[in-house]
>>> print(open('start37.cif').read())   # mmCIF, C-alpha atoms and all ligand atoms
data_entry
loop_
_atom_site.label_atom_id
_atom_site.label_comp_id
_atom_site.auth_asym_id
_atom_site.auth_seq_id
_atom_site.Cartn_x
_atom_site.Cartn_y
_atom_site.Cartn_z
CA MET J 1 0.00 0.00 0.00
CA ASP J 2 1.23 3.51 -0.67
CA CYS J 3 1.43 6.11 2.08
CA LEU J 4 -1.37 8.30 0.70
CA SER J 5 -3.88 5.42 0.69
CA VAL J 6 -2.86 4.47 4.19
CA GLN J 7 -3.22 8.04 5.45
CA GLN J 8 -6.63 8.39 3.78
CA ASP J 9 -7.87 5.04 5.13
CA LEU J 10 -6.98 5.62 8.78
CA ASP J 11 -10.60 6.57 9.55
CA ALA J 12 -11.92 3.33 8.09
CA LEU J 13 -9.42 1.41 10.22
CA ARG J 14 -10.34 3.29 13.41
CA GLU J 15 -14.06 2.91 12.78
CA GLY J 16 -13.75 -0.78 11.98
CA ARG J 17 -14.96 -0.28 8.42
CA SER J 18 -11.95 -1.95 6.77
CA SER J 19 -12.15 -5.53 5.60
CA ASP J 20 -9.93 -7.95 7.55
CA GLY J 21 -7.38 -8.11 4.75
CA GLN J 22 -7.30 -4.36 4.33
CA ALA J 23 -6.96 -3.77 8.06
CA ASP J 24 -4.01 -6.18 8.19
CA ARG J 25 -2.31 -4.42 5.29
CA LEU J 26 -2.87 -1.01 6.93
CA ARG J 27 -1.41 -2.18 10.24
CA ALA J 28 1.56 -3.81 8.53
CA HIS J 29 2.29 -0.58 6.67
CA LEU J 30 1.94 1.52 9.81
CA ALA J 31 4.32 -0.77 11.68
CA GLY J 32 7.03 -0.14 9.13
CA CYS J 33 6.43 3.48 8.10
CA ASP J 34 7.48 6.35 10.37
CA ALA J 35 5.68 8.98 8.27
CA CYS J 36 2.30 7.25 8.37
CA ARG J 37 2.65 6.50 12.08
CA ALA J 38 3.43 10.15 12.81
CA PHE J 39 0.50 11.20 10.62
CA ALA J 40 -1.85 8.81 12.46
CA ALA J 41 -0.63 10.06 15.84
CA ASP J 42 -1.25 13.67 14.82
CA VAL J 43 -4.73 12.86 13.49
CA ALA J 44 -5.56 11.27 16.84
CA LEU J 45 -4.24 14.35 18.67
CA LEU J 46 -6.13 16.70 16.36
CA ARG J 47 -9.38 14.83 16.98
CA GLU J 48 -8.74 14.81 20.71
CA ARG J 49 -8.13 18.58 20.77
CA LEU J 50 -11.23 19.32 18.72
CA MET J 51 -13.49 17.11 20.78
CA ALA J 52 -12.18 18.58 24.03
CA GLU J 53 -12.69 22.20 22.92
CA PRO J 54 -14.86 23.90 25.54
CA VAL J 55 -18.10 25.35 24.20
CA PRO J 56 -19.87 28.31 25.82
CA ALA J 57 -23.45 27.78 27.02
CA VAL J 58 -26.30 28.17 24.56
CA PRO J 59 -27.41 31.84 24.69
CA ALA J 60 -30.69 32.55 26.43
CA SER J 61 -31.99 34.26 23.29
CA LEU J 62 -31.79 30.96 21.43
CA ARG J 63 -33.57 29.11 24.21
CA ARG J 64 -36.27 31.79 24.06
CA ARG J 65 -36.47 31.46 20.31
CA LEU J 66 -36.94 27.73 20.67
CA ARG J 67 -39.84 28.30 23.05
CA GLU J 68 -41.46 30.75 20.64
CA PRO J 69 -40.66 29.31 17.25
CA ALA J 70 -43.57 31.06 15.55
CA ALA J 71 -42.51 34.56 16.61
CA PRO J 72 -41.41 36.68 13.65
CA ALA J 73 -37.63 36.39 13.30
CA SER J 74 -37.23 40.08 12.61
CA VAL J 75 -38.39 41.06 16.09
CA SER J 76 -35.78 39.12 18.00
CA LEU J 77 -33.04 39.58 15.42
CA TRP J 78 -33.30 43.26 14.66
CA SER J 79 -33.81 44.57 18.13
CA ARG J 80 -30.19 43.86 18.99
CA ARG J 81 -28.88 46.18 16.35
CA ARG J 82 -29.31 49.51 14.85
CA VAL J 83 -31.27 49.31 11.64
CA LEU J 84 -31.06 51.61 8.66
CA PRO J 85 -34.16 51.25 6.52
CA CYS J 86 -33.57 51.51 2.80
CA ALA J 87 -37.18 51.19 1.80
CA ALA J 88 -36.74 53.40 -1.22
CA ALA J 89 -34.10 51.15 -2.65
CA LEU J 90 -36.14 48.00 -2.71
CA ALA J 91 -39.80 47.93 -3.47
CA LEU J 92 -40.68 45.40 -6.17
CA ALA J 93 -40.63 41.68 -5.57
CA LEU J 94 -38.34 41.79 -2.61
CA GLY J 95 -40.22 44.02 -0.23
CA LEU J 96 -38.16 46.00 2.23
CA ALA J 97 -34.42 46.01 2.60
CA PHE J 98 -32.18 47.08 5.41
CA VAL J 99 -28.50 47.73 5.65
CA LEU J 100 -26.61 47.01 8.80
CA SER J 101 -22.98 47.51 9.45
CA ARG J 102 -20.45 46.51 12.04
CA TRP J 103 -17.07 48.07 12.47
CA ARG J 104 -13.90 46.47 13.71
CA ALA J 105 -10.57 48.24 13.43
CA PRO J 106 -7.43 46.35 14.49
CA SER J 107 -4.58 48.67 15.34
CA ASP J 108 -1.49 49.13 13.14
CA ALA J 109 -2.95 47.31 10.13
CA PRO J 110 -2.63 48.52 6.55
CA PHE J 111 -6.06 47.01 5.93
CA VAL J 112 -8.93 47.31 8.32
CA GLU J 113 -11.53 44.61 8.51
CA HIS J 114 -15.09 45.69 8.11
CA THR J 115 -18.15 43.49 8.00
CA VAL J 116 -21.19 44.75 6.19
CA THR J 117 -24.45 42.92 6.68
CA LEU J 118 -27.14 43.27 4.07
CA ALA J 119 -30.58 42.10 5.01
CA VAL J 120 -33.30 41.62 2.48
CA GLU J 121 -36.83 40.85 3.46
CA SER J 122 -38.70 38.79 0.96
CA ALA J 123 -42.43 38.10 1.01
CA GLY J 124 -41.93 34.58 -0.36
CA ASP J 125 -39.23 32.13 -1.45
CA LEU J 126 -37.31 33.52 -4.40
CA PRO J 127 -35.01 30.95 -5.99
CA GLY J 128 -32.33 31.85 -8.52
CA VAL J 129 -31.51 35.41 -7.53
CA THR J 130 -28.27 36.87 -8.89
CA LEU J 131 -26.26 38.85 -6.38
CA ARG J 132 -23.46 41.11 -7.50
CA LEU J 133 -21.16 43.14 -5.29
CA ILE J 134 -19.42 46.12 -6.85
CA LEU J 135 -16.62 47.39 -4.66
CA PRO J 136 -15.14 50.89 -4.54
CA PRO J 137 -11.36 51.34 -4.98
CA GLY J 138 -9.44 50.30 -1.87
CA ALA J 139 -12.06 47.75 -0.80
CA GLU J 140 -12.05 44.01 -1.32
CA VAL J 141 -13.93 41.00 -0.08
CA ALA J 142 -11.78 39.00 2.37
CA GLY J 143 -10.30 36.03 0.53
CA HIS J 144 -10.78 37.64 -2.89
CA PRO J 145 -7.97 40.13 -3.16
CA GLY J 146 -8.02 42.65 -5.96
CA ARG J 147 -11.50 41.84 -7.24
CA ALA J 148 -13.71 44.83 -7.97
CA GLU J 149 -16.82 42.70 -8.57
CA ILE J 150 -18.10 39.38 -7.32
CA GLU J 151 -21.25 37.74 -8.59
CA TRP J 152 -23.06 34.56 -7.60
CA GLN J 153 -26.45 32.87 -7.60
CA ASP J 154 -28.43 32.48 -4.43
CA ASP J 155 -31.93 31.70 -3.23
CA LEU J 156 -33.87 34.03 -1.01
CA VAL J 157 -36.22 32.48 1.46
CA ALA J 158 -39.40 33.97 2.85
CA GLY J 159 -38.58 36.35 5.69
CA VAL J 160 -35.29 38.02 6.40
CA ASN J 161 -32.27 36.98 4.37
CA ARG J 162 -28.98 38.06 5.83
CA LEU J 163 -25.82 38.40 3.80
CA ARG J 164 -22.60 39.01 5.67
CA ILE J 165 -19.77 40.45 3.64
CA PRO J 166 -16.33 40.45 5.28
CA LEU J 167 -14.45 43.34 3.70
CA ARG J 168 -10.89 44.55 3.89
CA LEU J 169 -10.52 48.27 3.45
CA ARG J 170 -7.37 50.26 2.88
CA GLU J 171 -7.11 52.86 5.56
CA GLY J 172 -8.74 56.07 4.38
CA THR J 173 -11.03 54.30 1.93
CA ASP J 174 -14.38 55.87 1.42
CA GLY J 175 -16.80 55.03 -1.32
CA VAL J 176 -19.95 53.12 -2.00
CA LEU J 177 -20.38 49.37 -2.02
CA VAL J 178 -23.15 48.47 -4.42
CA ALA J 179 -25.04 45.23 -3.88
CA ARG J 180 -27.21 44.42 -6.89
CA ILE J 181 -29.96 41.85 -6.63
CA GLU J 182 -31.41 40.64 -9.91
CA ARG J 183 -34.20 38.26 -10.70
CA GLN J 184 -36.20 37.94 -13.91
CA ASN J 185 -35.24 41.37 -15.24
CA LYS J 186 -36.04 43.05 -11.95
CA VAL J 187 -33.05 44.78 -10.45
CA ARG J 188 -32.66 46.26 -7.01
CA GLU J 189 -29.58 47.98 -5.67
CA LEU J 190 -28.44 48.59 -2.13
CA ASN J 191 -25.80 51.23 -1.61
CA VAL J 192 -23.61 51.02 1.46
CA LEU J 193 -21.39 53.94 2.34
CA LEU J 194 -17.89 52.80 3.34
CA PRO J 195 -16.54 53.06 5.92
CA ASP J 196 -19.67 52.97 7.94
CA ARG J 197 -19.28 53.14 11.68
CA ARG J 198 -22.87 52.80 12.71
CA GLY J 199 -23.87 49.95 14.98
CA MET U 1 -41.78 5.78 14.74
CA SER U 2 -45.55 5.57 14.79
CA ARG U 3 -45.88 5.67 18.57
CA LEU U 4 -43.50 8.62 18.75
CA LEU U 5 -45.30 10.34 15.92
CA SER U 6 -48.74 10.00 17.48
CA PHE U 7 -47.28 11.26 20.75
CA TRP U 8 -45.92 14.34 19.01
CA ARG U 9 -49.15 14.92 17.15
CA GLY U 10 -51.12 14.79 20.36
CA ARG U 11 -49.42 17.92 21.65
CA HIS U 12 -49.47 21.49 20.62
CA ASP U 13 -47.19 22.26 17.68
CA ALA U 14 -44.85 24.62 19.50
CA ASP U 15 -44.45 22.37 22.54
CA SER U 16 -43.75 19.42 20.30
CA PHE U 17 -41.26 21.43 18.35
CA GLU U 18 -39.42 22.57 21.46
CA ALA U 19 -39.33 19.09 22.93
CA CYS U 20 -38.06 17.68 19.66
CA VAL U 21 -35.33 20.24 19.00
CA ALA U 22 -34.17 21.19 22.52
CA PRO U 23 -31.97 18.08 23.01
CA HIS U 24 -30.00 19.11 19.92
CA MET U 25 -29.48 22.76 20.79
CA GLU U 26 -26.05 22.39 22.39
CA ARG U 27 -24.68 20.47 19.48
CA LEU U 28 -26.17 22.93 16.99
CA TRP U 29 -24.76 25.87 18.94
CA ARG U 30 -21.30 24.31 19.09
CA LEU U 31 -21.36 23.58 15.36
CA ALA U 32 -22.57 27.11 14.56
CA LEU U 33 -19.85 28.64 16.73
CA ARG U 34 -17.22 26.54 15.04
CA LEU U 35 -18.46 27.34 11.57
CA GLN U 36 -18.96 31.06 12.13
CA GLY U 37 -16.34 31.92 14.72
CA ARG U 38 -18.10 34.95 16.15
CA PRO U 39 -20.92 34.33 18.64
CA ALA U 40 -23.25 36.94 17.07
CA ASP U 41 -22.91 35.27 13.67
CA ALA U 42 -23.35 31.82 15.20
CA GLU U 43 -26.50 32.99 16.93
CA ASP U 44 -27.95 34.26 13.67
CA LEU U 45 -27.14 30.95 12.00
CA VAL U 46 -28.94 28.96 14.70
CA GLN U 47 -31.88 31.40 14.61
CA GLU U 48 -32.19 30.86 10.88
CA THR U 49 -31.91 27.11 11.30
CA LEU U 50 -34.69 27.13 13.90
CA ALA U 51 -36.85 29.29 11.64
CA ARG U 52 -36.41 26.87 8.77
CA ALA U 53 -36.98 23.87 11.02
CA TRP U 54 -40.19 25.47 12.25
CA ARG U 55 -41.40 25.98 8.68
CA HIS U 56 -40.70 22.29 8.04
CA ARG U 57 -41.88 21.13 11.46
CA ALA U 58 -44.11 18.41 10.04
CA ASP U 59 -41.01 16.76 8.53
CA VAL U 60 -38.86 17.41 11.60
CA LEU U 61 -41.40 15.98 14.03
CA ALA U 62 -41.72 12.85 11.93
CA LEU U 63 -38.01 12.08 12.23
CA ASP U 64 -36.75 9.59 14.78
CA ALA U 65 -33.43 11.42 14.98
CA PRO U 66 -33.74 15.08 13.93
CA GLY U 67 -30.11 15.86 14.90
CA PRO U 68 -28.51 15.14 11.53
CA TRP U 69 -31.37 16.92 9.74
CA LEU U 70 -30.82 20.06 11.84
CA ALA U 71 -27.05 19.87 11.44
CA ARG U 72 -27.46 19.49 7.71
CA VAL U 73 -29.74 22.53 7.48
CA LEU U 74 -27.37 24.60 9.61
CA THR U 75 -24.31 23.54 7.63
CA ARG U 76 -25.99 24.09 4.29
CA MET U 77 -27.16 27.53 5.38
CA HIS U 78 -23.63 28.36 6.37
CA VAL U 79 -22.35 27.18 3.02
CA ASP U 80 -25.16 28.48 0.84
CA ARG U 81 -26.01 31.79 2.33
CA TRP U 82 -23.27 33.88 0.93
CA ARG U 83 -20.48 31.50 0.20
CA ARG U 84 -22.40 29.68 -2.52
CA ARG U 85 -19.40 27.47 -3.09
CA ASN U 86 -18.97 27.27 -6.80
CA ALA U 87 -19.53 30.91 -7.53
CA LEU U 88 -17.16 32.14 -4.86
CA ASP U 89 -14.57 29.43 -5.37
CA ALA U 90 -14.55 30.18 -9.07
CA ALA U 91 -13.88 33.80 -8.20
CA GLU U 92 -10.70 32.91 -6.36
CA SER U 93 -7.54 33.65 -8.24
CA LEU U 94 -5.74 30.57 -6.92
CA PRO U 95 -6.00 27.28 -8.79
CA ASP U 96 -8.44 24.78 -7.26
CA PRO U 97 -6.40 22.95 -4.61
CA ASP U 98 -8.54 19.83 -5.09
CA ARG U 99 -7.22 19.57 -8.62
CA ALA U 100 -3.61 19.75 -7.56
CA VAL U 101 -1.68 16.52 -7.10
CA ILE U 102 -2.40 15.02 -3.71
CA GLU U 103 0.65 13.74 -1.92
CA ALA U 104 1.17 11.70 1.20
CA ASP U 105 2.38 13.57 4.25
CA THR U 106 6.02 12.56 4.61
CA LYS U 107 6.99 14.16 7.91
CA GLU U 108 8.29 11.37 10.15
CA THR U 109 7.75 12.96 13.55
CA SER U 110 4.67 14.31 15.27
CA SER U 111 3.97 18.00 14.61
CA LEU U 112 1.20 18.42 17.15
CA ALA U 113 2.60 16.67 20.23
CA THR U 114 4.54 19.74 21.32
CA VAL U 115 2.00 22.49 20.61
CA SER U 116 -0.84 23.66 22.82
CA ALA U 117 -4.48 22.75 22.24
CA GLU U 118 -5.25 26.40 21.54
CA GLU U 119 -2.60 26.55 18.82
CA VAL U 120 -4.03 23.43 17.18
CA LEU U 121 -7.55 24.89 17.26
CA ALA U 122 -6.29 28.18 15.84
CA ALA U 123 -4.63 26.29 12.97
CA VAL U 124 -7.95 24.60 12.20
CA ARG U 125 -9.76 27.94 12.29
CA ALA U 126 -7.26 29.31 9.79
CA LEU U 127 -8.00 26.64 7.18
CA PRO U 128 -9.98 27.60 4.09
CA ASP U 129 -13.64 26.59 4.38
CA ARG U 130 -13.45 23.73 1.92
CA TRP U 131 -10.92 21.99 4.17
CA ARG U 132 -12.18 23.26 7.51
CA LEU U 133 -15.73 21.99 7.06
CA PRO U 134 -14.78 18.32 6.63
CA VAL U 135 -12.45 18.50 9.65
CA LEU U 136 -15.08 20.16 11.86
CA LEU U 137 -17.89 17.87 10.82
CA HIS U 138 -15.83 14.68 10.87
CA ASP U 139 -13.11 15.07 13.48
CA ALA U 140 -14.90 17.46 15.85
CA GLU U 141 -18.57 16.56 15.44
CA GLY U 142 -18.23 12.89 14.61
CA TYR U 143 -20.33 12.74 11.44
CA SER U 144 -19.41 10.01 8.98
CA LEU U 145 -18.01 10.93 5.58
CA GLU U 146 -21.25 9.65 4.01
CA GLU U 147 -23.34 11.97 6.22
CA ILE U 148 -21.05 14.91 5.46
CA GLY U 149 -21.21 14.08 1.76
CA ARG U 150 -25.00 14.43 1.94
CA MET U 151 -24.78 17.65 3.99
CA LEU U 152 -22.39 19.35 1.60
CA GLY U 153 -23.37 17.66 -1.63
CA ILE U 154 -19.80 16.45 -2.17
CA PRO U 155 -18.69 12.92 -3.18
CA VAL U 156 -17.08 10.88 -0.40
CA GLY U 157 -13.85 10.51 -2.40
CA THR U 158 -13.48 14.29 -2.62
CA LEU U 159 -14.18 14.61 1.11
CA LYS U 160 -11.51 12.04 1.90
CA SER U 161 -8.92 13.99 -0.02
CA ARG U 162 -10.03 17.30 1.54
CA LEU U 163 -9.83 15.78 4.99
CA HIS U 164 -6.33 14.54 4.25
CA ARG U 165 -5.27 17.94 2.95
CA ALA U 166 -6.76 19.68 5.95
CA ARG U 167 -4.99 17.43 8.45
CA SER U 168 -1.78 17.74 6.51
CA ALA U 169 -2.12 21.54 6.42
CA VAL U 170 -2.62 21.68 10.19
CA ARG U 171 0.56 19.63 10.68
CA LYS U 172 2.49 21.78 8.22
CA SER U 173 1.50 24.92 10.06
CA PHE U 174 3.79 23.72 12.84
CA GLY U 175 6.71 22.65 10.66
CA ASP U 176 7.78 22.34 7.06
CA GLY U 177 6.24 18.88 6.70
CA THR U 178 9.35 17.19 5.34
ZN ZN C 201 3.57 5.23 4.87
#
>>> encode(input="start37.cif", output="structure tokens")
Amino acid sequence: MDCLSVQQDLDALREGRSSDGQADRLRAHLAGCDACRAFAADVALLRERLMAEPVPAVPASLRRRLREPAAPASVSLWSRRRVLPCAAALALALGLAFVLSRWRAPSDAPFVEHTVTLAVESAGDLPGVTLRLILPPGAEVAGHPGRAEIEWQDDLVAGVNRLRIPLRLREGTDGVLVARIERQNKVRELNVLLPDRRG
Amino acid sequence: MSRLLSFWRGRHDADSFEACVAPHMERLWRLALRLQGRPADAEDLVQETLARAWRHRADVLALDAPGPWLARVLTRMHVDRWRRRNALDAAESLPDPDRAVIEADTKETSSLATVSAEEVLAAVRALPDRWRLPVLLHDAEGYSLEEIGRMLGIPVGTLKSRLHRARSAVRKSFGDGT
């Protein structure tokens, strides 16, 4: 057996899913291969660390939500944050739209991180919506350096649809982030002023 | 199932829903925190999952084990909501790592034995989503590759190679891997 197959089949061995012959071959390889033994030891350690990671208690708001599952989501979700209504920007099929923003500025960084949250309220399920982000100079979506536009397909569900956009902004950047939502020749645009320190 | 189902049906919808979902809340919360990182984002993700589960409560209440269903909805929401994989992955300037040649990890000594748990967890958090998700769902949450394949809509073979790459990347973050 080659090392890659052995390293990829460790889970089957641990879970007892290997055939007898395969398990014997895996063990024989492990006995004679330092690299695969070290890999297996690290996988076991990694799993141990992940499973032992402490998890904070479930927030009371979620427990409340579970007790009142029929309550409108917008009530419990929006009340925590400042909301900027953009009713004029979105009136056709999508109903009302809101723009929220959160600001986080690490010190001494050439880029500052900035998360913009767009929220679109839709009266019903809207499959196959095209979303396009058009970024001003000096702004990029985290993980997509240098791109001035990003477009993808998404489905909107009935109720509030939240879209979180992790941005990286060059210090001093100001401009407008345009989020364009298109479906069946209907186009709606949300304009978000950057940087935006509300909320 | 039938006895359970008639029991559920005999109660008010909301009570049934709470009783059915409550035992899974801690696991959902932990998964959401791991996927999202920030508690506020994790909370939103669980809220959305609960809202969707409530809309599909007839299906949820009919399940013997709603845990995997809820985890699947939560994971898919995380993936679909704005990271609609193909569109965003295609927008990346780097070549698709899954298409690169996959090699065995050749480092002959443990990389993780001498680093703290927090450093290991930070290395996992730093992985790109396509590698982080299989590690979190498999190594942290204990789902099988088949279950994860259904959650993410990815073939098991692809998941196996992503899991290998993810584990290898975590090791390499503490050494050169040779
Ligand atoms: Zn080997």
>>> residues_near_ligand(input="start37.cif", ligand="ligand ZN 201 (chain C)", cutoff="12 Å", atoms="only C-alpha atoms and all ligand atoms", output="VMD selection string")
(chain J and resid 1 to 10 25 to 40) or (chain U and resid 103 to 108)
>>> write_last_selection(input="start37.cif", atoms="C-alpha atoms", output="PDB file, in the coordinates of the input")
ATOM      1  CA  MET J   1       0.000   0.000   0.000  1.00  0.00           C
ATOM      2  CA  ASP J   2       1.230   3.510  -0.670  1.00  0.00           C
ATOM      3  CA  CYS J   3       1.430   6.110   2.080  1.00  0.00           C
ATOM      4  CA  LEU J   4      -1.370   8.300   0.700  1.00  0.00           C
ATOM      5  CA  SER J   5      -3.880   5.420   0.690  1.00  0.00           C
ATOM      6  CA  VAL J   6      -2.860   4.470   4.190  1.00  0.00           C
ATOM      7  CA  GLN J   7      -3.220   8.040   5.450  1.00  0.00           C
ATOM      8  CA  GLN J   8      -6.630   8.390   3.780  1.00  0.00           C
ATOM      9  CA  ASP J   9      -7.870   5.040   5.130  1.00  0.00           C
ATOM     10  CA  LEU J  10      -6.980   5.620   8.780  1.00  0.00           C
ATOM     11  CA  ARG J  25      -2.310  -4.420   5.290  1.00  0.00           C
ATOM     12  CA  LEU J  26      -2.870  -1.010   6.930  1.00  0.00           C
ATOM     13  CA  ARG J  27      -1.410  -2.180  10.240  1.00  0.00           C
ATOM     14  CA  ALA J  28       1.560  -3.810   8.530  1.00  0.00           C
ATOM     15  CA  HIS J  29       2.290  -0.580   6.670  1.00  0.00           C
ATOM     16  CA  LEU J  30       1.940   1.520   9.810  1.00  0.00           C
ATOM     17  CA  ALA J  31       4.320  -0.770  11.680  1.00  0.00           C
ATOM     18  CA  GLY J  32       7.030  -0.140   9.130  1.00  0.00           C
ATOM     19  CA  CYS J  33       6.430   3.480   8.100  1.00  0.00           C
ATOM     20  CA  ASP J  34       7.480   6.350  10.370  1.00  0.00           C
ATOM     21  CA  ALA J  35       5.680   8.980   8.270  1.00  0.00           C
ATOM     22  CA  CYS J  36       2.300   7.250   8.370  1.00  0.00           C
ATOM     23  CA  ARG J  37       2.650   6.500  12.080  1.00  0.00           C
ATOM     24  CA  ALA J  38       3.430  10.150  12.810  1.00  0.00           C
ATOM     25  CA  PHE J  39       0.500  11.200  10.620  1.00  0.00           C
ATOM     26  CA  ALA J  40      -1.850   8.810  12.460  1.00  0.00           C
TER      27      ALA J  40
ATOM     28  CA  GLU U 103       0.650  13.740  -1.920  1.00  0.00           C
ATOM     29  CA  ALA U 104       1.170  11.700   1.200  1.00  0.00           C
ATOM     30  CA  ASP U 105       2.380  13.570   4.250  1.00  0.00           C
ATOM     31  CA  THR U 106       6.020  12.560   4.610  1.00  0.00           C
ATOM     32  CA  LYS U 107       6.990  14.160   7.910  1.00  0.00           C
ATOM     33  CA  GLU U 108       8.290  11.370  10.150  1.00  0.00           C
TER      34      GLU U 108
END
>>> interface_residues(input="start37.cif", of="chain J", to="chain U", cutoff="8 Å", atoms="all atoms listed in the file", output="PDB file with C-alpha atoms, in the coordinates of the input")
ATOM      1  CA  CYS J   3       1.430   6.110   2.080  1.00  0.00           C
ATOM      2  CA  LEU J   4      -1.370   8.300   0.700  1.00  0.00           C
ATOM      3  CA  GLN J   7      -3.220   8.040   5.450  1.00  0.00           C
ATOM      4  CA  GLN J   8      -6.630   8.390   3.780  1.00  0.00           C
ATOM      5  CA  ASP J  34       7.480   6.350  10.370  1.00  0.00           C
ATOM      6  CA  ALA J  35       5.680   8.980   8.270  1.00  0.00           C
ATOM      7  CA  CYS J  36       2.300   7.250   8.370  1.00  0.00           C
ATOM      8  CA  ARG J  37       2.650   6.500  12.080  1.00  0.00           C
ATOM      9  CA  ALA J  38       3.430  10.150  12.810  1.00  0.00           C
ATOM     10  CA  PHE J  39       0.500  11.200  10.620  1.00  0.00           C
ATOM     11  CA  ALA J  41      -0.630  10.060  15.840  1.00  0.00           C
ATOM     12  CA  ASP J  42      -1.250  13.670  14.820  1.00  0.00           C
ATOM     13  CA  VAL J  43      -4.730  12.860  13.490  1.00  0.00           C
ATOM     14  CA  LEU J  45      -4.240  14.350  18.670  1.00  0.00           C
ATOM     15  CA  LEU J  46      -6.130  16.700  16.360  1.00  0.00           C
ATOM     16  CA  ARG J  47      -9.380  14.830  16.980  1.00  0.00           C
ATOM     17  CA  ARG J  49      -8.130  18.580  20.770  1.00  0.00           C
ATOM     18  CA  LEU J  50     -11.230  19.320  18.720  1.00  0.00           C
ATOM     19  CA  MET J  51     -13.490  17.110  20.780  1.00  0.00           C
ATOM     20  CA  VAL J  55     -18.100  25.350  24.200  1.00  0.00           C
ATOM     21  CA  PRO J  56     -19.870  28.310  25.820  1.00  0.00           C
ATOM     22  CA  ALA J  57     -23.450  27.780  27.020  1.00  0.00           C
ATOM     23  CA  VAL J  58     -26.300  28.170  24.560  1.00  0.00           C
ATOM     24  CA  PRO J  59     -27.410  31.840  24.690  1.00  0.00           C
ATOM     25  CA  LEU J  62     -31.790  30.960  21.430  1.00  0.00           C
ATOM     26  CA  ARG J  65     -36.470  31.460  20.310  1.00  0.00           C
ATOM     27  CA  LEU J  66     -36.940  27.730  20.670  1.00  0.00           C
ATOM     28  CA  ARG J  67     -39.840  28.300  23.050  1.00  0.00           C
ATOM     29  CA  GLU J  68     -41.460  30.750  20.640  1.00  0.00           C
ATOM     30  CA  PRO J  69     -40.660  29.310  17.250  1.00  0.00           C
ATOM     31  CA  ALA J  70     -43.570  31.060  15.550  1.00  0.00           C
ATOM     32  CA  ALA J  73     -37.630  36.390  13.300  1.00  0.00           C
ATOM     33  CA  LEU J  77     -33.040  39.580  15.420  1.00  0.00           C
ATOM     34  CA  GLY J 143     -10.300  36.030   0.530  1.00  0.00           C
ATOM     35  CA  HIS J 144     -10.780  37.640  -2.890  1.00  0.00           C
ATOM     36  CA  ILE J 150     -18.100  39.380  -7.320  1.00  0.00           C
ATOM     37  CA  GLU J 151     -21.250  37.740  -8.590  1.00  0.00           C
ATOM     38  CA  TRP J 152     -23.060  34.560  -7.600  1.00  0.00           C
ATOM     39  CA  GLN J 153     -26.450  32.870  -7.600  1.00  0.00           C
ATOM     40  CA  ASP J 154     -28.430  32.480  -4.430  1.00  0.00           C
ATOM     41  CA  ARG J 162     -28.980  38.060   5.830  1.00  0.00           C
ATOM     42  CA  LEU J 163     -25.820  38.400   3.800  1.00  0.00           C
ATOM     43  CA  ARG J 164     -22.600  39.010   5.670  1.00  0.00           C
ATOM     44  CA  ILE J 165     -19.770  40.450   3.640  1.00  0.00           C
TER      45      ILE J 165
END
>>> atom_distance(input="start37.cif", atom1="atom CA of Gly153 of chain U", atom2="atom CA of Gly37 of chain U")
22.8 Å
>>> atom_distance(input="start37.cif", atom1="atom CA of Leu74 of chain U", atom2="atom CA of Leu152 of chain U")
10.8 Å
>>> closest_residue(input="start37.cif", among="U:Phe174, U:Glu147, U:Leu61, U:Arg76", to="Ala122 of chain U", atoms="all atoms listed in the file")
U:Phe174
>>> atom_distance(input="start37.cif", atom1="atom CA of Glu149 of chain J", atom2="atom CA of Ala123 of chain J")
27.7 Å
>>> closest_residue(input="start37.cif", among="U:Ala62, U:Val156, U:Leu127, U:Leu70", to="Ala32 of chain U", atoms="all atoms listed in the file")
U:Leu70
>>> residues_around(input="start37.cif", residues="Ala148 of chain J", least_positions_apart="5", cutoff="8 Å", atoms="all atoms listed in the file", output="list in words")
Ile134, Leu135, Pro136, Pro137, Ala139 and Glu140 of chain J
>>> write_last_selection(input="start37.cif", atoms="C-alpha atoms", output="short mmCIF file (atom, residue, chain, number, x, y, z; two decimals), in the frame of the given file")
data_model
loop_
_atom_site.label_atom_id
_atom_site.label_comp_id
_atom_site.auth_asym_id
_atom_site.auth_seq_id
_atom_site.Cartn_x
_atom_site.Cartn_y
_atom_site.Cartn_z
CA ILE J 134 -19.42 46.12 -6.85
CA LEU J 135 -16.62 47.39 -4.66
CA PRO J 136 -15.14 50.89 -4.54
CA PRO J 137 -11.36 51.34 -4.98
CA ALA J 139 -12.06 47.75 -0.80
CA GLU J 140 -12.05 44.01 -1.32
#
